[in-house]
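Participant: Sharing query.pdb, PDB, C-alpha atoms and all ligand atoms:
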ATOM      1  CA  MET A   3      -1.792 -12.944  20.625
ATOM      2  CA  MET A   4      -2.696  -9.892  18.542
ATOM      3  CA  ASP A   5      -2.477  -8.380  15.088
ATOM      4  CA  MET A   6      -3.561  -4.752  15.144
ATOM      5  CA  HIS A   7      -3.383  -4.150  11.400
ATOM      6  CA  CYS A   8      -4.138  -6.819   8.828
ATOM      7  CA  HIS A   9      -6.333  -7.145   5.769
ATOM      8  CA  LEU A  10      -8.383 -10.277   6.471
ATOM      9  CA  ASP A  11     -10.557  -9.778   3.387
ATOM     10  CA  LEU A  12      -7.547  -9.812   1.061
ATOM     11  CA  TYR A  13      -6.217 -13.272   1.903
ATOM     12  CA  THR A  14      -6.905 -16.029  -0.607
ATOM     13  CA  ASN A  15      -8.919 -17.909   2.002
ATOM     14  CA  PRO A  16     -10.250 -15.429   4.582
ATOM     15  CA  GLN A  17     -12.489 -18.005   6.312
ATOM     16  CA  TYR A  18      -9.496 -20.177   7.095
ATOM     17  CA  VAL A  19      -7.558 -17.180   8.461
ATOM     18  CA  VAL A  20     -10.498 -16.109  10.647
ATOM     19  CA  LYS A  21     -10.962 -19.654  11.965
ATOM     20  CA  ARG A  22      -7.333 -19.954  12.968
ATOM     21  CA  CYS A  23      -7.344 -16.479  14.573
ATOM     22  CA  GLN A  24     -10.325 -17.618  16.586
ATOM     23  CA  ASP A  25      -8.694 -20.941  17.535
ATOM     24  CA  GLU A  26      -5.587 -19.097  18.694
ATOM     25  CA  ASN A  27      -7.596 -16.455  20.592
ATOM     26  CA  LEU A  28      -5.938 -13.610  18.726
ATOM     27  CA  TYR A  29      -7.036 -10.014  19.083
ATOM     28  CA  VAL A  30      -7.271  -8.726  15.526
ATOM     29  CA  LEU A  31      -7.913  -5.330  14.005
ATOM     30  CA  SER A  32      -9.189  -6.194  10.547
ATOM     31  CA  VAL A  33      -8.728  -3.060   8.453
ATOM     32  CA  THR A  34     -10.471  -2.347   5.154
ATOM     33  CA  THR A  35      -9.413  -0.271   2.174
ATOM     34  CA  THR A  36     -12.803   0.977   0.951
ATOM     35  CA  PRO A  37     -16.135   1.651   2.666
ATOM     36  CA  LYS A  38     -17.796  -0.805   0.255
ATOM     37  CA  ALA A  39     -15.626  -3.592   1.694
ATOM     38  CA  TRP A  40     -16.609  -2.951   5.294
ATOM     39  CA  TYR A  41     -19.876  -4.845   5.551
ATOM     40  CA  GLY A  42     -18.668  -8.067   3.938
ATOM     41  CA  THR A  43     -15.439  -7.957   5.898
ATOM     42  CA  SER A  44     -17.267  -7.417   9.178
ATOM     43  CA  LEU A  45     -19.448 -10.475   8.421
ATOM     44  CA  LEU A  46     -16.308 -12.630   8.255
ATOM     45  CA  ALA A  47     -15.835 -11.960  11.961
ATOM     46  CA  LYS A  48     -19.436 -11.794  13.099
ATOM     47  CA  ASP A  49     -18.986 -14.592  15.654
ATOM     48  CA  CYS A  50     -15.544 -13.483  16.836
ATOM     49  CA  PRO A  51     -15.607 -10.865  19.580
ATOM     50  CA  ARG A  52     -11.837 -10.486  19.503
ATOM     51  CA  ILE A  53     -11.805  -9.546  15.817
ATOM     52  CA  ARG A  54     -12.851  -5.948  15.180
ATOM     53  CA  THR A  55     -13.424  -4.580  11.708
ATOM     54  CA  ALA A  56     -12.232  -1.074  10.952
ATOM     55  CA  LEU A  57     -13.907   1.147   8.383
ATOM     56  CA  GLY A  58     -11.323   2.555   5.986
ATOM     57  CA  LEU A  59     -10.493   4.349   2.799
ATOM     58  CA  HIS A  60      -6.871   3.718   1.879
ATOM     59  CA  PRO A  61      -4.909   6.784   0.746
ATOM     60  CA  GLN A  62      -3.657   4.888  -2.318
ATOM     61  CA  LEU A  63      -7.307   4.461  -3.377
ATOM     62  CA  ALA A  64      -8.557   7.921  -2.396
ATOM     63  CA  HIS A  65      -8.623   9.233  -5.979
ATOM     64  CA  GLU A  66     -10.704   6.270  -7.167
ATOM     65  CA  ARG A  67     -12.999   5.877  -4.175
ATOM     66  CA  TRP A  68     -13.633   9.329  -2.693
ATOM     67  CA  GLN A  69     -17.283   9.014  -3.752
ATOM     68  CA  GLU A  70     -17.599   6.376  -1.031
ATOM     69  CA  LEU A  71     -17.170   8.978   1.725
ATOM     70  CA  GLU A  72     -20.936   9.190   1.898
ATOM     71  CA  LEU A  73     -21.108   5.474   2.609
ATOM     72  CA  PHE A  74     -18.239   5.905   5.074
ATOM     73  CA  ASP A  75     -20.307   8.388   7.072
ATOM     74  CA  ALA A  76     -23.369   6.171   6.915
ATOM     75  CA  LEU A  77     -21.464   3.203   8.358
ATOM     76  CA  LEU A  78     -19.387   5.060  10.898
ATOM     77  CA  ASN A  79     -21.635   4.527  13.901
ATOM     78  CA  GLN A  80     -21.330   0.745  13.464
ATOM     79  CA  THR A  81     -17.698   0.572  14.563
ATOM     80  CA  ARG A  82     -15.258   2.152  16.976
ATOM     81  CA  TYR A  83     -12.340   1.513  14.617
ATOM     82  CA  VAL A  84     -11.314   3.443  11.516
ATOM     83  CA  GLY A  85      -8.585   2.313   9.097
ATOM     84  CA  GLU A  86      -6.814   1.966   6.904
ATOM     85  CA  ILE A  87      -6.668   5.708   6.354
ATOM     86  CA  GLY A  88      -3.895   8.276   6.037
ATOM     87  CA  LEU A  89      -1.713   9.885   3.404
ATOM     88  CA  ASP A  90       0.825   8.516   0.927
ATOM     89  CA  GLY A  91       3.514  10.858  -0.361
ATOM     90  CA  GLY A  92       5.294   8.248  -2.454
ATOM     91  CA  LYS A  93       5.926   9.170  -6.073
ATOM     92  CA  GLU A  94       3.203   6.897  -7.386
ATOM     93  CA  PHE A  95       0.524   8.643  -5.336
ATOM     94  CA  LYS A  96       1.722  12.196  -4.980
ATOM     95  CA  ALA A  97      -0.246  13.176  -8.068
ATOM     96  CA  HIS A  98      -3.390  12.500  -6.027
ATOM     97  CA  TRP A  99      -2.269  14.416  -2.960
ATOM     98  CA  GLU A 100      -5.115  16.944  -2.934
ATOM     99  CA  ILE A 101      -7.844  14.324  -3.008
ATOM    100  CA  GLN A 102      -5.962  12.249  -0.407
ATOM    101  CA  LEU A 103      -5.931  15.277   1.879
ATOM    102  CA  LYS A 104      -9.629  15.909   1.340
ATOM    103  CA  VAL A 105     -10.495  12.316   2.153
ATOM    104  CA  PHE A 106      -8.247  12.146   5.221
ATOM    105  CA  ARG A 107      -9.564  15.446   6.607
ATOM    106  CA  HIS A 108     -13.140  14.394   6.048
ATOM    107  CA  ILE A 109     -12.562  11.107   7.865
ATOM    108  CA  LEU A 110     -10.802  12.740  10.818
ATOM    109  CA  ARG A 111     -13.634  15.209  11.239
ATOM    110  CA  SER A 112     -16.433  12.670  10.817
ATOM    111  CA  SER A 113     -14.720  10.375  13.313
ATOM    112  CA  ALA A 114     -14.344  13.122  15.886
ATOM    113  CA  LYS A 115     -17.941  14.180  15.390
ATOM    114  CA  ALA A 116     -19.068  10.595  15.907
ATOM    115  CA  GLY A 117     -17.524  10.677  19.374
ATOM    116  CA  GLY A 118     -13.932   9.768  18.530
ATOM    117  CA  LYS A 119     -12.542   6.589  16.965
ATOM    118  CA  ILE A 120      -9.429   4.456  17.205
ATOM    119  CA  LEU A 121      -7.562   5.081  13.945
ATOM    120  CA  SER A 122      -5.031   2.893  12.080
ATOM    121  CA  ILE A 123      -2.993   5.274   9.975
ATOM    122  CA  HIS A 124      -0.726   4.907   6.944
ATOM    123  CA  SER A 125       1.936   7.648   6.750
ATOM    124  CA  ILE A 126       4.434   6.629   4.064
ATOM    125  CA  MET A 127       6.483   9.677   2.983
ATOM    126  CA  SER A 128       3.852  11.872   4.604
ATOM    127  CA  VAL A 129       4.468  11.925   8.353
ATOM    128  CA  ASN A 130       4.630  15.707   8.689
ATOM    129  CA  ALA A 131       1.323  16.171   6.905
ATOM    130  CA  VAL A 132      -0.336  13.332   8.845
ATOM    131  CA  LEU A 133       0.758  14.777  12.196
ATOM    132  CA  ASP A 134      -0.297  18.223  11.110
ATOM    133  CA  GLU A 135      -3.797  16.979  10.257
ATOM    134  CA  LEU A 136      -4.026  14.971  13.480
ATOM    135  CA  SER A 137      -3.043  17.983  15.548
ATOM    136  CA  GLN A 138      -5.977  19.912  14.106
ATOM    137  CA  VAL A 139      -8.631  17.371  15.025
ATOM    138  CA  HIS A 140      -8.678  16.072  18.581
ATOM    139  CA  ASP A 141     -10.972  13.428  20.006
ATOM    140  CA  ASN A 142      -9.562  10.471  18.057
ATOM    141  CA  LEU A 143      -6.983   7.895  19.189
ATOM    142  CA  PRO A 144      -4.356   7.449  16.466
ATOM    143  CA  ILE A 145      -2.233   4.348  15.925
ATOM    144  CA  LEU A 146       0.546   4.992  13.432
ATOM    145  CA  HIS A 147       0.907   1.749  11.542
ATOM    146  CA  TRP A 148       4.357   0.680  10.246
ATOM    147  CA  PHE A 149       5.934   4.046  11.076
ATOM    148  CA  SER A 150       8.776   4.865   8.681
ATOM    149  CA  GLY A 151       9.550   8.513   9.345
ATOM    150  CA  THR A 152      12.575  10.208  10.831
ATOM    151  CA  ARG A 153      13.639  10.302  14.478
ATOM    152  CA  GLN A 154      12.461  13.881  14.740
ATOM    153  CA  GLN A 155       9.051  12.986  13.332
ATOM    154  CA  LEU A 156       8.859  10.061  15.727
ATOM    155  CA  LYS A 157       9.593  12.368  18.647
ATOM    156  CA  GLN A 158       6.745  14.611  17.567
ATOM    157  CA  ALA A 159       4.342  11.679  17.192
ATOM    158  CA  ILE A 160       5.277  10.476  20.680
ATOM    159  CA  GLU A 161       4.644  13.942  22.114
ATOM    160  CA  MET A 162       1.207  13.869  20.503
ATOM    161  CA  GLY A 163       0.413  10.618  22.319
ATOM    162  CA  CYS A 164       0.241   8.372  19.260
ATOM    163  CA  TYR A 165       0.329   4.591  19.524
ATOM    164  CA  PHE A 166       2.502   2.573  17.125
ATOM    165  CA  SER A 167       1.724  -0.800  15.579
ATOM    166  CA  ILE A 168       4.916  -2.493  14.488
ATOM    167  CA  GLY A 169       5.490  -5.837  12.836
ATOM    168  CA  PRO A 170       7.993  -8.432  11.666
ATOM    169  CA  ALA A 171       8.607  -6.741   8.298
ATOM    170  CA  MET A 172       9.352  -3.359   9.872
ATOM    171  CA  LEU A 173      11.527  -4.868  12.605
ATOM    172  CA  SER A 174      13.570  -6.825  10.099
ATOM    173  CA  SER A 175      14.964  -3.593   8.628
ATOM    174  CA  LYS A 176      17.716  -1.745  10.474
ATOM    175  CA  LYS A 177      15.875   1.566  10.293
ATOM    176  CA  GLY A 178      12.598   0.074  11.526
ATOM    177  CA  TYR A 179      14.334  -1.704  14.394
ATOM    178  CA  GLU A 180      16.096   1.479  15.484
ATOM    179  CA  LEU A 181      12.863   3.471  15.397
ATOM    180  CA  ALA A 182      11.143   0.807  17.497
ATOM    181  CA  GLN A 183      13.903   1.143  20.092
ATOM    182  CA  LEU A 184      12.941   4.812  20.499
ATOM    183  CA  MET A 185       9.205   4.190  20.945
ATOM    184  CA  PRO A 186       7.704   4.245  24.457
ATOM    185  CA  ILE A 187       7.056   0.650  25.509
ATOM    186  CA  GLU A 188       3.553   1.523  26.718
ATOM    187  CA  LYS A 189       2.536   2.790  23.259
ATOM    188  CA  ILE A 190       3.555  -0.278  21.251
ATOM    189  CA  LEU A 191       1.164  -2.751  19.629
ATOM    190  CA  ILE A 192       1.994  -5.399  17.067
ATOM    191  CA  GLU A 193       0.723  -6.034  13.554
ATOM    192  CA  THR A 194       1.538  -7.931  10.372
ATOM    193  CA  ASP A 195      -0.114  -5.839   7.608
ATOM    194  CA  GLY A 196      -0.760  -9.202   5.999
ATOM    195  CA  PRO A 197      -1.137 -10.243   3.296
ATOM    196  CA  PHE A 198       0.921  -7.232   2.098
ATOM    197  CA  GLY A 199       3.390  -7.486   4.963
ATOM    198  CA  ASN A 200       5.843 -10.242   4.174
ATOM    199  CA  ILE A 201       9.124 -11.778   5.162
ATOM    200  CA  LYS A 202      11.301 -13.093   2.340
ATOM    201  CA  THR A 203       8.308 -12.735  -0.033
ATOM    202  CA  GLN A 204       6.131 -14.983   2.177
ATOM    203  CA  ALA A 205       2.888 -13.201   3.085
ATOM    204  CA  LEU A 206       2.434 -12.865   6.835
ATOM    205  CA  PHE A 207      -0.638 -14.219   8.641
ATOM    206  CA  PRO A 208      -1.998 -12.689  11.856
ATOM    207  CA  TRP A 209      -0.424 -15.404  14.027
ATOM    208  CA  ASN A 210       2.995 -14.477  12.550
ATOM    209  CA  ALA A 211       2.873 -11.275  14.614
ATOM    210  CA  ASN A 212       4.542 -13.537  17.197
ATOM    211  CA  ILE A 213       7.789 -13.004  15.304
ATOM    212  CA  ALA A 214       7.624  -9.370  16.458
ATOM    213  CA  ILE A 215       7.126 -10.500  20.060
ATOM    214  CA  ALA A 216      10.356 -12.497  19.931
ATOM    215  CA  ILE A 217      12.239  -9.530  18.478
ATOM    216  CA  LEU A 218      10.837  -7.179  21.152
ATOM    217  CA  ALA A 219      11.735  -9.665  23.910
ATOM    218  CA  ASP A 220      15.314  -9.521  22.714
ATOM    219  CA  MET A 221      15.248  -5.722  22.288
ATOM    220  CA  TRP A 222      13.805  -5.111  25.764
ATOM    221  CA  GLY A 223      15.712  -7.889  27.530
ATOM    222  CA  MET A 224      12.497  -9.553  28.708
ATOM    223  CA  ASN A 225      10.974 -12.981  28.307
ATOM    224  CA  ILE A 226       8.113 -13.622  25.885
ATOM    225  CA  LEU A 227       5.456 -13.774  28.606
ATOM    226  CA  LYS A 228       6.446 -10.401  29.973
ATOM    227  CA  VAL A 229       6.323  -8.848  26.483
ATOM    228  CA  GLU A 230       2.897 -10.405  25.870
ATOM    229  CA  ASN A 231       1.638  -8.955  29.146
ATOM    230  CA  ILE A 232       2.865  -5.501  28.205
ATOM    231  CA  LEU A 233       1.273  -5.659  24.749
ATOM    232  CA  ARG A 234      -2.022  -6.884  26.211
ATOM    233  CA  GLN A 235      -1.911  -4.089  28.775
ATOM    234  CA  ASN A 236      -1.234  -1.542  26.007
ATOM    235  CA  LEU A 237      -4.195  -2.786  24.017
ATOM    236  CA  PHE A 238      -6.493  -2.668  27.055
ATOM    237  CA  SER A 239      -5.352   0.799  28.009
ATOM    238  CA  LEU A 240      -5.978   2.004  24.447
ATOM    239  CA  THR A 241      -9.447   0.469  24.178
ATOM    240  CA  SER A 242     -10.543   1.563  27.647
ATOM    241  CA  LYS A 243      -9.719   5.210  26.985
ATOM    242  CA  HIS A 244     -12.674   7.507  26.882
ATOM    243  CA  ILE A 245     -12.223   9.692  23.876
TER
HETATM  244 MN    MN A 301      -2.199  -2.025   5.395
END
Can the structure in the file be given as structure tokens, please?
Facilitator:
Amino acid sequence: MMDMHCHLDLYTNPQYVVKRCQDENLYVLSVTTTPKAWYGTSLLAKDCPRIRTALGLHPQLAHERWQELELFDALLNQTRYVGEIGLDGGKEFKAHWEIQLKVFRHILRSSAKAGGKILSIHSIMSVNAVLDELSQVHDNLPILHWFSGTRQQLKQAIEMGCYFSIGPAMLSSKKGYELAQLMPIEKILIETDGPFGNIKTQALFPWNANIAIAILADMWGMNILKVENILRQNLFSLTSKHI
């Protein structure tokens, strides 16, 4: 029914994935990792009103692609969705922390100035810094994608009104499952992070977000239809918010 964070342009056969998303009436947030990828990726979904393409600059690419911020700003009025953005404090990317911060701050401010955007945010090993930056720039609607922080950080994110997109890969770990149990039901959306998100090394496709629905049905003690209604309601309440 929905996949609120996937990389359509990075599948081996994006046209096939888009066609099946369309056939299955899925709501999809197609995120991009560089501003240069936005236009081509948005064309993939040009006839699909339920597929929205987010303009992004991935924190793991910030040090290589920061020059594309100018293009980011030029494209920003063409979409209401921004992602994948954020910060990555993992040891591979910590060396580029300063440029990551510059890029993330720039994007938050540009997005707010453009009237406020719906953001899909990466926060691996960086939740405190991400929340700190978000608290300094209002007027955007943040979705924390694949949240992997602590309970205390989660509590803070909830207090700030963040949404959470969670998927089969996250829910299959004990820690991810337990965090999901603490999230407010009305702030939950589902995602796959495909083709990076995987289960037993098999890349996930947008329609595999259904696996998360089954897990949530069990977690919440509800049937699948009820969970789908809640998720749909969450998505509509997010997208109908005036920023
Ligand atoms: Mn991603």
Participant: Would you list the contacts of A:Phe95 as an MDAnalysis selection string, taking every protein, DNA or RNA residue within 10 Å and counting all atoms listed in the file, but skipping same-chain residues closer than 3 positions in sequence?
Facilitator: chainID A and resid 61:65 89:92 98:99 102
Participant: Please report as a tab-separated table every residue of chain A lying within 8 Å of ligand MN 301 (chain A), along with the nearest atom pair and their distance in Å (one decimal), using all atoms listed in the file.
Facilitator:
residue	atom	partner	partner_atom	distance
A:His7	CA	A:MN301	MN	6.5
A:Cys8	CA	A:MN301	MN	6.2
A:His9	CA	A:MN301	MN	6.6
A:Val33	CA	A:MN301	MN	7.3
A:Glu86	CA	A:MN301	MN	6.3
A:His124	CA	A:MN301	MN	7.3
A:His147	CA	A:MN301	MN	7.9
A:Asp195	CA	A:MN301	MN	4.9
A:Gly196	CA	A:MN301	MN	7.3
A:Phe198	CA	A:MN301	MN	6.9
A:Gly199	CA	A:MN301	MN	7.8
Participant: Given the file shown, enumerate the residues that the PyMOL selection byres (((chain A and resi 206-211) around 8) and not hetatm) captures and present them as a PyMOL selection string.
Facilitator: chain A and resi 3-5+8+19+23+26+28+30+169-170+192-201+204-205+212-215
Participant: Which one of A:Trp222, A:Met6, A:Glu230, A:Thr35 sits closest to A:Ile168 if you count all atoms listed in the file?
Facilitator: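 Of A:Trp222, A:Met6, A:Glu230, A:Thr35, the one nearest A:Ile168, counting all atoms listed in the file, is A:Met6.
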Participant: Need the shell around A:Ala56: protein/DNA/RNA residues with any atom at most 10 Å away, counting all atoms listed in the file. Skip same-chain ones fewer than 2 positions apart. Format as an mmCIF file with C-alpha atoms, in the frame of the given file?
Facilitator:
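Contents of part_38.cif, as written:
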data_model
loop_
_atom_site.group_PDB
_atom_site.id
_atom_site.type_symbol
_atom_site.label_atom_id
_atom_site.label_comp_id
_atom_site.auth_asym_id
_atom_site.auth_seq_id
_atom_site.Cartn_x
_atom_site.Cartn_y
_atom_site.Cartn_z
ATOM 1 C CA HIS A 7 -3.383 -4.150 11.400
ATOM 2 C CA HIS A 9 -6.333 -7.145 5.769
ATOM 3 C CA LEU A 31 -7.913 -5.330 14.005
ATOM 4 C CA SER A 32 -9.189 -6.194 10.547
ATOM 5 C CA VAL A 33 -8.728 -3.060 8.453
ATOM 6 C CA THR A 34 -10.471 -2.347 5.154
ATOM 7 C CA THR A 35 -9.413 -0.271 2.174
ATOM 8 C CA PRO A 37 -16.135 1.651 2.666
ATOM 9 C CA TRP A 40 -16.609 -2.951 5.294
ATOM 10 C CA THR A 43 -15.439 -7.957 5.898
ATOM 11 C CA SER A 44 -17.267 -7.417 9.178
ATOM 12 C CA ILE A 53 -11.805 -9.546 15.817
ATOM 13 C CA ARG A 54 -12.851 -5.948 15.180
ATOM 14 C CA GLY A 58 -11.323 2.555 5.986
ATOM 15 C CA LEU A 59 -10.493 4.349 2.799
ATOM 16 C CA LEU A 78 -19.387 5.060 10.898
ATOM 17 C CA GLN A 80 -21.330 0.745 13.464
ATOM 18 C CA THR A 81 -17.698 0.572 14.563
ATOM 19 C CA ARG A 82 -15.258 2.152 16.976
ATOM 20 C CA TYR A 83 -12.340 1.513 14.617
ATOM 21 C CA VAL A 84 -11.314 3.443 11.516
ATOM 22 C CA GLY A 85 -8.585 2.313 9.097
ATOM 23 C CA GLU A 86 -6.814 1.966 6.904
ATOM 24 C CA ILE A 87 -6.668 5.708 6.354
ATOM 25 C CA LYS A 119 -12.542 6.589 16.965
ATOM 26 C CA ILE A 120 -9.429 4.456 17.205
ATOM 27 C CA LEU A 121 -7.562 5.081 13.945
ATOM 28 C CA SER A 122 -5.031 2.893 12.080
#
Participant: Atom CA of A:Gly178 and atom CA of A:Glu100, how far apart in Å?
Facilitator: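 About the pair atom CA of A:Glu100 and atom CA of A:Gly178: they are 28.4 Å apart.
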Participant: Show which residues sit within 6 Å of A:Phe166, as a ChimeraX atom specification. Count all atoms listed in the file, and ignore same-chain residues fewer than 6 positions away.
Facilitator: /A:145-147,190
Participant: Select, from A:Ala219, A:Leu12, A:Val105, A:Ile232, the residue with the minimum atom-to-atom distance to A:Ile187, counting only C-alpha atoms.
Facilitator: A:Ile232
Participant: Could you jot down the atom CA of A:Leu184 to atom CA of A:Leu218 separation for me, Å, one decimal place?
Facilitator: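 These two atoms are separated by 12.2 Å.
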Participant: Edge lengths and centre, in Å to one decimal, as lines of an AutoDock Vina configuration file: that's what I need for the box along x, y and z that holds all listed atoms of stretch 55-72 of chain A plus 4 Å on each side.
Facilitator:
center_x = -12.3
center_y = 2.4
center_z = 2.3
size_x = 25.3
size_y = 21.9
size_z = 26.9
Participant: Around (-18.6, 4.5, 2.3) in the file's frame, which residues reach within 10 Å when counting only C-alpha atoms? Return as an NGL selection string?
Facilitator: :A and (36-41 or 57-59 or 67-78)
Participant: Hey, what comes out of the PyMOL selection byres (((chain A and resi 188) around 12) and not hetatm) on this file? Could you write it as a PDB file with C-alpha atoms, keeping the file's coordinate frame?
Facilitator:
ATOM      1  CA  ILE A 160       5.277  10.476  20.680  1.00  0.00           C
ATOM      2  CA  GLY A 163       0.413  10.618  22.319  1.00  0.00           C
ATOM      3  CA  CYS A 164       0.241   8.372  19.260  1.00  0.00           C
ATOM      4  CA  TYR A 165       0.329   4.591  19.524  1.00  0.00           C
ATOM      5  CA  PHE A 166       2.502   2.573  17.125  1.00  0.00           C
ATOM      6  CA  SER A 167       1.724  -0.800  15.579  1.00  0.00           C
ATOM      7  CA  ALA A 182      11.143   0.807  17.497  1.00  0.00           C
ATOM      8  CA  LEU A 184      12.941   4.812  20.499  1.00  0.00           C
ATOM      9  CA  MET A 185       9.205   4.190  20.945  1.00  0.00           C
ATOM     10  CA  PRO A 186       7.704   4.245  24.457  1.00  0.00           C
ATOM     11  CA  ILE A 187       7.056   0.650  25.509  1.00  0.00           C
ATOM     12  CA  LYS A 189       2.536   2.790  23.259  1.00  0.00           C
ATOM     13  CA  ILE A 190       3.555  -0.278  21.251  1.00  0.00           C
ATOM     14  CA  LEU A 191       1.164  -2.751  19.629  1.00  0.00           C
ATOM     15  CA  ILE A 192       1.994  -5.399  17.067  1.00  0.00           C
ATOM     16  CA  VAL A 229       6.323  -8.848  26.483  1.00  0.00           C
ATOM     17  CA  GLU A 230       2.897 -10.405  25.870  1.00  0.00           C
ATOM     18  CA  ASN A 231       1.638  -8.955  29.146  1.00  0.00           C
ATOM     19  CA  ILE A 232       2.865  -5.501  28.205  1.00  0.00           C
ATOM     20  CA  LEU A 233       1.273  -5.659  24.749  1.00  0.00           C
ATOM     21  CA  ARG A 234      -2.022  -6.884  26.211  1.00  0.00           C
ATOM     22  CA  GLN A 235      -1.911  -4.089  28.775  1.00  0.00           C
ATOM     23  CA  ASN A 236      -1.234  -1.542  26.007  1.00  0.00           C
ATOM     24  CA  LEU A 237      -4.195  -2.786  24.017  1.00  0.00           C
ATOM     25  CA  PHE A 238      -6.493  -2.668  27.055  1.00  0.00           C
ATOM     26  CA  SER A 239      -5.352   0.799  28.009  1.00  0.00           C
ATOM     27  CA  LEU A 240      -5.978   2.004  24.447  1.00  0.00           C
TER      28      LEU A 240
END
Participant: Using atom CA of A:Thr14 and atom CA of A:His60 as the two end points, give the distance in Å to one decimal.
Facilitator: 19.9 Å
Participant: Determine the residue membership of the PyMOL selection byres (((chain A and resi 131) around 12) and not hetatm) for the file above and supply it as a list in words.
Facilitator: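 Expected selection for the PyMOL selection byres (((chain A and resi 131) around 12) and not hetatm) here is Gly88, Leu89, Asp90, Gly91, Trp99, Glu100, Gln102, Leu103, Phe106, Arg107, His124, Ser125, Ile126, Met127, Ser128, Val129, Asn130, Val132, Leu133, Asp134, Glu135, Leu136, Ser137, Gln138, Gly151, Gln155 and Ala159 of chain A.
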Participant: Counting all atoms listed in the file, figure out which residue out of A:Thr203, A:Ser174, A:Ser150, A:Asn142 gets nearest to A:Lys243.
Facilitator: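 Among the listed residues, A:Asn142 lies closest to A:Lys243.
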Participant: Could you tell me which of A:Leu10, A:Arg52, A:Leu46, A:Gln158 comes closest to A:Tyr29 if we count all atoms listed in the file?
Facilitator: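 Among the listed residues, A:Arg52 lies closest to A:Tyr29.
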Participant: For stretch 50-61 of chain A, which lacks atoms in the input, supply N, CA and C atoms and format the output as a PDB file, in the coordinates of the input.
Facilitator:
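See selection_31.pdb below for the written result:
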ATOM      1  N   CYS A  50     -16.863 -13.550  16.197  1.00  0.00           N
ATOM      2  CA  CYS A  50     -15.544 -13.483  16.836  1.00  0.00           C
ATOM      3  C   CYS A  50     -15.383 -12.145  17.563  1.00  0.00           C
ATOM      4  N   PRO A  51     -15.675 -12.138  18.863  1.00  0.00           N
ATOM      5  CA  PRO A  51     -15.607 -10.865  19.580  1.00  0.00           C
ATOM      6  C   PRO A  51     -14.212 -10.245  19.624  1.00  0.00           C
ATOM      7  N   ARG A  52     -13.193 -11.054  19.453  1.00  0.00           N
ATOM      8  CA  ARG A  52     -11.837 -10.486  19.503  1.00  0.00           C
ATOM      9  C   ARG A  52     -11.381  -9.906  18.168  1.00  0.00           C
ATOM     10  N   ILE A  53     -12.166 -10.122  17.116  1.00  0.00           N
ATOM     11  CA  ILE A  53     -11.805  -9.546  15.817  1.00  0.00           C
ATOM     12  C   ILE A  53     -12.701  -8.338  15.560  1.00  0.00           C
ATOM     13  N   ARG A  54     -12.088  -7.166  15.431  1.00  0.00           N
ATOM     14  CA  ARG A  54     -12.851  -5.948  15.180  1.00  0.00           C
ATOM     15  C   ARG A  54     -12.552  -5.462  13.767  1.00  0.00           C
ATOM     16  N   THR A  55     -13.592  -4.998  13.094  1.00  0.00           N
ATOM     17  CA  THR A  55     -13.424  -4.580  11.708  1.00  0.00           C
ATOM     18  C   THR A  55     -13.442  -3.057  11.608  1.00  0.00           C
ATOM     19  N   ALA A  56     -12.362  -2.526  11.080  1.00  0.00           N
ATOM     20  CA  ALA A  56     -12.232  -1.074  10.952  1.00  0.00           C
ATOM     21  C   ALA A  56     -12.750  -0.617   9.591  1.00  0.00           C
ATOM     22  N   LEU A  57     -13.369   0.545   9.599  1.00  0.00           N
ATOM     23  CA  LEU A  57     -13.907   1.147   8.383  1.00  0.00           C
ATOM     24  C   LEU A  57     -12.829   2.051   7.784  1.00  0.00           C
ATOM     25  N   GLY A  58     -12.446   1.791   6.528  1.00  0.00           N
ATOM     26  CA  GLY A  58     -11.323   2.555   5.986  1.00  0.00           C
ATOM     27  C   GLY A  58     -11.516   3.064   4.571  1.00  0.00           C
ATOM     28  N   LEU A  59     -10.606   3.946   4.202  1.00  0.00           N
ATOM     29  CA  LEU A  59     -10.493   4.349   2.799  1.00  0.00           C
ATOM     30  C   LEU A  59      -9.006   4.642   2.587  1.00  0.00           C
ATOM     31  N   HIS A  60      -8.331   3.687   1.986  1.00  0.00           N
ATOM     32  CA  HIS A  60      -6.871   3.718   1.879  1.00  0.00           C
ATOM     33  C   HIS A  60      -6.404   4.906   1.037  1.00  0.00           C
ATOM     34  N   PRO A  61      -5.365   5.602   1.505  1.00  0.00           N
ATOM     35  CA  PRO A  61      -4.909   6.784   0.746  1.00  0.00           C
ATOM     36  C   PRO A  61      -4.503   6.455  -0.691  1.00  0.00           C
TER      37      PRO A  61
END
